[in-house]
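Chemist: After the C-alpha cells below, expect a handful of questions from me.
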Amino acid sequence: WIVVEGQHEPLIDRMSFDIVQNKLKSRQRPGQTNEISLFAGLIKCGECGKSLTIRYTNAKHPQQIYSCKTYNAFGKNHCTQHRIDYDTLYSHVLRKIRECARAALMDGEAVADRLTNTCEAEQREQREAMERSLTRDEERIEVLDKMVMRLYEDMIAGRISEQNFNTMLEKTQTEQAELKAKVSEGRKRLSDEVQLANDAKQWVEAIQEYANITELDAATLNRLIKEIVVHERIDEDKTRHISIEIHFNLKPIPEVEQVTA
C-alpha cells in the first residue's frame with residue numbers, strides 16, 4: 001500500500017487528530033490484566049486529586065470497578081474509596097454526551113450563549129484581579145524608564161560613577177525585562193479569554209455529531225472530555241453518594257449528577 005496524506009477530506013481536522021493521539025499515548029496505562037482502560041488518565045478523585053484506577057472485584061462474577069489510587073495504597077485514613085462501577089460510569093458518560101449533543105442540535109446558539117455567560121461569570125473576578133496586577137506592573141515599568149533617565153543624567157553630571165551607573169542600570173533593566181515578560185503573558189491570557197464566545201461555538205459544532213452515539217471509544221473520549229471527577233459523600237448509615245463531574249474540552253463547566261450507591 002502507498003499512503004499519501006492530505007488527498008481526501010478528513011473526518012477530523014489535523015489539530016484535533018494530533019491532540020487526541022497525544023492524549024491517547026499519555027493515558028495508556030495497563031491495568032491488572034494488562035488491558036488499557038477506556039477511561040485511563042481521565043478519571044480523578046474529587047478529594048485527593050489522584051487517579052481512579054480500575055480493578056476487578058473478587059466475586060463469583062468479577063466486575064470492573066474504579067477506586068481511588070490513594071485509598072488503594074494507604075487506606076481510609078487518607079481518602080475514601082470513591083468506588084464506581086465501570087458499567088455505571090460508561091452509561092453515564094455516554095448518556096451525557098448524547099444529551100449535550102442533542103441540546104446543541106436543538107438550539108446551538110442558546111447553548112453557546114449559556115456556556116459563554118457562565119464562563120465569563122466564573123472568570124470575571126480572576127480577570128479583574130489580573131487586570132489590576134498588570135496595571136501595577138505597567139506603572140512600575142514606566143517608573144523604571146524614568147529611573148534609567150535619571151541615572152544617566154546623574155552619571156553625565158558626575159553625581160555617580162560610570163561603574164555605579166552600569167550596576168544600577170543592569171538591575172533596573174533586569175527588573176524591566178521580567179515585568180515586560182509578565183505583562184506580555186498576562187495580556188495574552190486576557191486576550192485569549194475574549195475568545196470564550198468563539199470557543200463555545202466551536203464546542204457546540206464539535207459535540208453535535210455525537211447526538212446518536214451508541215458506544216464509546218478512547219478516541220471519542222479524549223477528543224470530547226478533559227477529565228471526569230468523582231466525589232463521594234458517606235451518610236451516617238453508611239449510604240454512599242457518588243457525584244460525577246464531566247469536564248468537556250472547550251467547556252470548563254462540569255455536568256454533575258448524583259449517583260447513590
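Residue numbering restarts at 1 for every chain of the C-alpha cells, chains are lettered A, B, ... in their displayed order, and ligands are numbered from 1 as they appear.
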List the neighbours of range 97-100 of chain A out to 7 Å using only C-alpha atoms; skip same-chain residues closer than 3 positions along the sequence, and give me the result as a compact mmCIF listing (two decimals) with N, CA and C atoms, in the first residue's frame.
Modeler:
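Result file result_21.txt:
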```txt
# COMPACT_ATOMS: atom_id res chain seq x y z
N VAL A 93 -21.55 8.50 31.15
CA VAL A 93 -20.80 9.35 30.22
C VAL A 93 -21.45 9.32 28.83
N LEU A 94 -21.84 8.14 28.37
CA LEU A 94 -22.48 8.01 27.07
C LEU A 94 -23.77 8.84 27.02
N ALA A 103 -28.92 18.72 22.78
CA ALA A 103 -29.22 20.10 23.17
C ALA A 103 -28.57 21.08 22.21
N ALA A 104 -27.35 20.77 21.78
CA ALA A 104 -26.65 21.64 20.84
C ALA A 104 -27.33 21.64 19.48
N TYR A 210 -22.34 13.88 17.81
CA TYR A 210 -22.44 12.73 18.70
C TYR A 210 -23.85 12.54 19.26
N ALA A 211 -24.84 13.14 18.63
CA ALA A 211 -26.21 13.07 19.14
C ALA A 211 -26.74 11.64 19.18
N ASN A 212 -26.31 10.80 18.26
CA ASN A 212 -26.81 9.43 18.19
C ASN A 212 -25.72 8.40 18.46
N ILE A 213 -24.71 8.80 19.19
CA ILE A 213 -23.62 7.88 19.50
C ILE A 213 -24.16 6.70 20.33
```
Chemist: Per residue of range 52-145 of chain A within 8 Å of range 181-184 of chain A, note the shortest atom pair and the distance in Å to one decimal, counting only C-alpha atoms, and order the rows by chain and increasing residue number, as a tab-separated table.
Modeler:
```
residue	atom	partner	partner_atom	distance
A:Leu134	CA	A:Val183	CA	5.8
A:Asp137	CA	A:Val183	CA	6.9
A:Glu138	CA	A:Val183	CA	7.2
```
Chemist: Which residues are close to Arg150 in chain A, i.e. within 12 Å by only C-alpha atoms, leaving aside same-chain residues fewer than 4 positions away? Reply as a list in words.
Modeler: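 Near neighbours after the sequence-gap exclusion: Val143, Leu144, Asp145, Lys146, Asp154, Met155, Ile156, Ala157, Arg159, Ile160, Phe165, Met168, Leu169 and Thr172 of chain A.
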Chemist: Can I get the selection written as a PDB file, in the first residue's frame, with C-alpha atoms?
Modeler:
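Saved to out.pdb:
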```pdb
ATOM      1  CA  VAL A 143       8.820  54.301  36.774  1.00  0.00           C
ATOM      2  CA  LEU A 144      11.853  52.216  35.831  1.00  0.00           C
ATOM      3  CA  ASP A 145      12.116  54.005  32.478  1.00  0.00           C
ATOM      4  CA  LYS A 146      12.265  57.324  34.319  1.00  0.00           C
ATOM      5  CA  ASP A 154      23.370  61.713  37.266  1.00  0.00           C
ATOM      6  CA  MET A 155      26.287  59.981  35.558  1.00  0.00           C
ATOM      7  CA  ILE A 156      26.663  62.764  32.987  1.00  0.00           C
ATOM      8  CA  ALA A 157      26.561  65.337  35.798  1.00  0.00           C
ATOM      9  CA  ARG A 159      26.921  62.633  40.663  1.00  0.00           C
ATOM     10  CA  ILE A 160      27.506  58.876  40.263  1.00  0.00           C
ATOM     11  CA  PHE A 165      25.605  53.616  36.778  1.00  0.00           C
ATOM     12  CA  MET A 168      22.196  50.072  38.792  1.00  0.00           C
ATOM     13  CA  LEU A 169      21.294  50.045  35.104  1.00  0.00           C
ATOM     14  CA  THR A 172      16.863  48.113  36.544  1.00  0.00           C
TER      15      THR A 172
END
```
Chemist: Pick out each residue of range 23-199 of chain A that DSSP on the backbone tags as alpha helix (DSSP H); I need them as a PyMOL selection string.
Modeler: chain A and resi 23-26+69-74+86-106+108-156+162-193+196-199
Chemist: Can you list, as an MDAnalysis selection string, every protein, DNA or RNA residue that comes within 8 Å of Thr53 in chain A when you count only C-alpha atoms, leaving out same-chain residues fewer than 6 positions away?
Modeler: chainID A and resid 31 40 66:69
Chemist: Go through A:Ile242, A:Lys180, A:Asp235, A:Ile228 one by one, measure the shortest atom-to-atom distance of each to Asp85 in chain A using only C-alpha atoms, and give the residue with the smallest value.
Modeler: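 Nearest to Asp85 in chain A: A:Ile242.
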Chemist: As JSON, numbers by chain, please: every residue in range 58-155 of chain A that DSSP puts in strand (DSSP E or B).
Modeler: {"A": [64, 65, 66, 67, 68, 84, 85]}
Chemist: When you draw a straight line from CA of His247 in chain A to CA of Val111 in chain A, how long is it in Å?
Modeler: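 Straight-line distance from CA of His247 in chain A to CA of Val111 in chain A works out to 15.6 Å.
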Chemist: Would you mind telling me which residue in A:Ser243, A:Asn58, A:Asn77, A:Thr167 lies nearest to Leu151 in chain A when using only C-alpha atoms?
Modeler: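 Result for the nearest residue to Leu151 in chain A: A:Thr167.
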Chemist: Can you pull out the residues contacting Leu224 in chain A? Cut-off 6 Å, using only C-alpha atoms, and skip same-chain residues under 2 positions away; I want them as a compact mmCIF listing (two decimals) with C-alpha atoms, in the first residue's frame.
Modeler:
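Written output follows (out-v1.txt):
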```txt
# COMPACT_ATOMS: atom_id res chain seq x y z
CA LEU A 221 -13.47 10.32 24.97
CA ASN A 222 -10.12 12.01 24.57
CA PHE A 248 -15.69 18.67 28.48
CA ASN A 249 -12.94 20.13 26.34
```
Chemist: Taking only C-alpha atoms into account, which of A:Arg140, A:His78, A:Arg189, A:Lys60 comes nearest Ala177 in chain A?
Modeler: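 Checking each of A:Arg140, A:His78, A:Arg189, A:Lys60 against Ala177 in chain A, counting only C-alpha atoms, the winner is A:Arg140.
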